[in-house]
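Below: the structure, in structure tokens.
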Amino acid sequence: EKPEITFYPFFFFLDVFSNFYESSFEIDDRTYYTTEQYLFSQKAIYIGDLDTAEKIMRNREARTCKQIGERDVPWSGTVDTWREFATEKLRISNLAKYSQNENLRRTLFATYPKILVETNPSDTFWGIGLKKGDREVYDQSKWRGKNQMGHLLTEIRNELMKNPKMALVDRKRSLVSSPETPTARKRTSVSSI
């Protein structure tokens, strides 16, 4: 008898749950296209480099935002202070991403009650250091990484599910495997959730 699967693995780059996945949201009256764009523009603002922050904002593609943010924006603190900063900014931006996009929120809620797992074989902080297809993904004792991103998304999901303002409109079809379709949506202020 197979043990109940309590994990929901996602691929760090191509998946809806990725910080590279494009889906616009607003924070403080600015539109961001990915949570990665928000993170690295905030990094530039934090060190006082407003020109680079604007350069990041002009680039919609997540990979480019990350490249600019890593190459042109030095971090004077430790790896740990960067991880704390990044975790806080990714919490803010992912809350906005899922609270303002009902299709994505529906996909996120459909993972309940499983723990989301970022299957990035080259990342042992945000991910678990394993590929999505590895059997060890379903055995937490075999993980090679902390799964910080997976735990963060799991916490955000559980928080949003408790918020009556984030209730989903009943629909016959599931959107779990469907890509998000661009539609006009009512925006929800991050401060109101």
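Residues in the structure tokens are numbered from 1 in each chain, the chains being A, B, ... in the order shown, and ligands are numbered from 1 in the order shown.
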
Show me, as a PDB file with C-alpha atoms, in the first residue's frame, the residues that have an atom within 10 Å of range 62-75 of chain A when counting only C-alpha atoms, minus same-chain residues fewer than 4 positions from it.
ATOM      1  CA  PHE A  13      11.317  27.620 -13.571  1.00  0.00           C
ATOM      2  CA  ASN A  19       9.024  33.455  -9.169  1.00  0.00           C
ATOM      3  CA  PHE A  20       9.750  33.555 -12.922  1.00  0.00           C
ATOM      4  CA  TYR A  21       6.089  32.956 -13.843  1.00  0.00           C
ATOM      5  CA  GLU A  22       4.604  36.068 -15.436  1.00  0.00           C
ATOM      6  CA  TYR A  33       5.106  41.279 -13.906  1.00  0.00           C
ATOM      7  CA  THR A  34       6.906  38.684 -11.795  1.00  0.00           C
ATOM      8  CA  THR A  35       7.774  38.302  -8.143  1.00  0.00           C
ATOM      9  CA  GLU A  36      11.415  38.139  -9.290  1.00  0.00           C
ATOM     10  CA  GLN A  37      11.079  41.658 -10.749  1.00  0.00           C
ATOM     11  CA  TYR A  38       9.719  42.906  -7.436  1.00  0.00           C
ATOM     12  CA  LEU A  39      12.521  41.253  -5.438  1.00  0.00           C
ATOM     13  CA  PHE A  40      15.400  42.685  -7.456  1.00  0.00           C
ATOM     14  CA  SER A  41      13.892  46.159  -7.888  1.00  0.00           C
ATOM     15  CA  GLN A  42      13.475  46.241  -4.109  1.00  0.00           C
ATOM     16  CA  LYS A  43      17.090  45.142  -3.666  1.00  0.00           C
ATOM     17  CA  ALA A  44      18.243  48.082  -5.806  1.00  0.00           C
ATOM     18  CA  ILE A  45      16.006  50.515  -3.899  1.00  0.00           C
ATOM     19  CA  TYR A  46      17.318  49.146  -0.599  1.00  0.00           C
ATOM     20  CA  ILE A  47      20.912  50.024  -1.480  1.00  0.00           C
ATOM     21  CA  GLY A  48      19.851  53.390  -2.898  1.00  0.00           C
ATOM     22  CA  ASP A  49      20.430  52.605  -6.590  1.00  0.00           C
ATOM     23  CA  THR A  52      19.110  50.286 -11.553  1.00  0.00           C
ATOM     24  CA  ALA A  53      15.726  49.814  -9.867  1.00  0.00           C
ATOM     25  CA  LYS A  55      16.169  49.552 -15.276  1.00  0.00           C
ATOM     26  CA  ILE A  56      14.807  46.393 -13.641  1.00  0.00           C
ATOM     27  CA  MET A  57      11.274  47.805 -13.823  1.00  0.00           C
ATOM     28  CA  ARG A  58      11.662  48.422 -17.580  1.00  0.00           C
ATOM     29  CA  VAL A  79      24.286  35.478   2.751  1.00  0.00           C
ATOM     30  CA  THR A  81      20.886  38.838   5.662  1.00  0.00           C
ATOM     31  CA  TRP A  82      20.242  38.531   1.902  1.00  0.00           C
TER      32      TRP A  82
END

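The list of residues with at least one atom within 9 Å of Val137 in chain A, based on only C-alpha atoms and without residues fewer than 5 positions apart in the same chain, reads Phe7, Pro9, Val117, Thr119, Ile128, Leu130, Lys131, Lys132, Lys142 and Trp143 of chain A.
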
How would the residues just chosen look if you wrote them out with C-alpha atoms as a PDB file, in the first residue's frame?
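And here is the file that came out, out-v8.pdb:
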ATOM      1  CA  PHE A   7       3.974  16.878  -0.978  1.00  0.00           C
ATOM      2  CA  PRO A   9       6.407  19.268  -6.156  1.00  0.00           C
ATOM      3  CA  VAL A 117       8.084  21.591  -2.728  1.00  0.00           C
ATOM      4  CA  THR A 119      12.271  20.889  -7.029  1.00  0.00           C
ATOM      5  CA  ILE A 128      15.303  20.768  -2.075  1.00  0.00           C
ATOM      6  CA  LEU A 130      16.373  17.405  -6.261  1.00  0.00           C
ATOM      7  CA  LYS A 131      14.646  17.202  -9.665  1.00  0.00           C
ATOM      8  CA  LYS A 132      10.858  16.997  -9.919  1.00  0.00           C
ATOM      9  CA  LYS A 142      16.152  12.522   1.540  1.00  0.00           C
ATOM     10  CA  TRP A 143      15.890  16.214   0.696  1.00  0.00           C
TER      11      TRP A 143
END

Taking only C-alpha atoms into account, produce a table as a tab-separated table in which each residue of range 55-89 of chain A with an atom at most 10 Å from an atom of range 144-164 of chain A appears once, together with its shortest atom pair and the distance in Å to one decimal, ordered by chain and rising number.
residue	atom	partner	partner_atom	distance
A:Arg83	CA	A:Gln148	CA	9.6
A:Thr87	CA	A:Leu152	CA	8.0
A:Glu88	CA	A:Leu152	CA	9.7

Kindly save the residues from that selection, with all heavy atoms included, as a PDB file, in the first residue's frame.
ATOM      1  N   ARG A  83      19.205  36.416   2.465  1.00  0.00           N
ATOM      2  CA  ARG A  83      18.108  35.445   2.476  1.00  0.00           C
ATOM      3  C   ARG A  83      16.918  35.956   3.291  1.00  0.00           C
ATOM      4  O   ARG A  83      15.771  35.743   2.906  1.00  0.00           O
ATOM      5  CB  ARG A  83      18.596  34.102   3.009  1.00  0.00           C
ATOM      6  CG  ARG A  83      19.485  33.379   2.011  1.00  0.00           C
ATOM      7  CD  ARG A  83      20.101  32.130   2.580  1.00  0.00           C
ATOM      8  NE  ARG A  83      20.775  31.360   1.547  1.00  0.00           N
ATOM      9  CZ  ARG A  83      21.523  30.291   1.787  1.00  0.00           C
ATOM     10  NH1 ARG A  83      21.671  29.858   3.036  1.00  0.00           N
ATOM     11  NH2 ARG A  83      22.104  29.649   0.798  1.00  0.00           N
ATOM     12  N   THR A  87      13.414  36.656   1.489  1.00  0.00           N
ATOM     13  CA  THR A  87      12.232  35.946   1.984  1.00  0.00           C
ATOM     14  C   THR A  87      11.107  36.930   2.280  1.00  0.00           C
ATOM     15  O   THR A  87       9.945  36.697   1.909  1.00  0.00           O
ATOM     16  CB  THR A  87      12.575  35.124   3.242  1.00  0.00           C
ATOM     17  OG1 THR A  87      13.572  34.144   2.900  1.00  0.00           O
ATOM     18  CG2 THR A  87      11.353  34.421   3.801  1.00  0.00           C
ATOM     19  N   GLU A  88      11.447  38.058   2.915  1.00  0.00           N
ATOM     20  CA  GLU A  88      10.432  39.074   3.222  1.00  0.00           C
ATOM     21  C   GLU A  88       9.818  39.646   1.937  1.00  0.00           C
ATOM     22  O   GLU A  88       8.595  39.775   1.824  1.00  0.00           O
ATOM     23  CB  GLU A  88      11.065  40.211   4.033  1.00  0.00           C
ATOM     24  CG  GLU A  88      10.087  41.337   4.339  1.00  0.00           C
ATOM     25  CD  GLU A  88      10.778  42.622   4.807  1.00  0.00           C
ATOM     26  OE1 GLU A  88      11.999  42.616   5.033  1.00  0.00           O
ATOM     27  OE2 GLU A  88      10.073  43.630   4.912  1.00  0.00           O
TER      28      GLU A  88
END

Which polymer residues have any atom within 9 Å of an atom of Lys114 in chain A, counting only C-alpha atoms, with same-chain residues fewer than 2 positions away left out, as an mmCIF file with N, CA, C and O atoms, in the first residue's frame?
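The resulting result.cif:
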data_model
loop_
_atom_site.group_PDB
_atom_site.id
_atom_site.type_symbol
_atom_site.label_atom_id
_atom_site.label_comp_id
_atom_site.auth_asym_id
_atom_site.auth_seq_id
_atom_site.Cartn_x
_atom_site.Cartn_y
_atom_site.Cartn_z
ATOM 1 N N ILE A 5 0.557 10.707 -0.412
ATOM 2 C CA ILE A 5 1.506 11.736 -0.852
ATOM 3 C C ILE A 5 1.122 13.054 -0.197
ATOM 4 O O ILE A 5 0.024 13.563 -0.371
ATOM 5 N N THR A 6 2.034 13.586 0.587
ATOM 6 C CA THR A 6 1.740 14.818 1.316
ATOM 7 C C THR A 6 2.498 16.017 0.745
ATOM 8 O O THR A 6 2.456 17.094 1.299
ATOM 9 N N PHE A 7 3.190 15.803 -0.380
ATOM 10 C CA PHE A 7 3.974 16.878 -0.978
ATOM 11 C C PHE A 7 3.470 17.196 -2.380
ATOM 12 O O PHE A 7 2.989 16.316 -3.093
ATOM 13 N N TYR A 8 3.594 18.465 -2.752
ATOM 14 C CA TYR A 8 3.210 18.893 -4.101
ATOM 15 C C TYR A 8 4.440 19.524 -4.753
ATOM 16 O O TYR A 8 4.745 20.694 -4.529
ATOM 17 N N THR A 111 -3.758 22.844 -4.118
ATOM 18 C CA THR A 111 -2.671 22.023 -3.578
ATOM 19 C C THR A 111 -2.916 21.635 -2.118
ATOM 20 O O THR A 111 -2.212 20.784 -1.583
ATOM 21 N N TYR A 112 -3.891 22.252 -1.474
ATOM 22 C CA TYR A 112 -4.166 21.989 -0.053
ATOM 23 C C TYR A 112 -4.605 20.535 0.138
ATOM 24 O O TYR A 112 -5.371 20.024 -0.665
ATOM 25 N N LEU A 116 3.986 22.401 -0.473
ATOM 26 C CA LEU A 116 4.599 22.697 -1.765
ATOM 27 C C LEU A 116 6.104 22.484 -1.661
ATOM 28 O O LEU A 116 6.725 22.817 -0.647
ATOM 29 N N THR A 154 3.452 27.560 0.906
ATOM 30 C CA THR A 154 2.500 26.788 1.712
ATOM 31 C C THR A 154 1.893 27.683 2.794
ATOM 32 O O THR A 154 0.671 27.668 3.019
#

**Asked** Mind checking DSSP for range 89-167 of chain A and telling me the helix (DSSP H, G or I) residues as number ranges by chain?
**Response** A: 89-100, 102-109, 135-138, 140-142, 148-161, 164-166
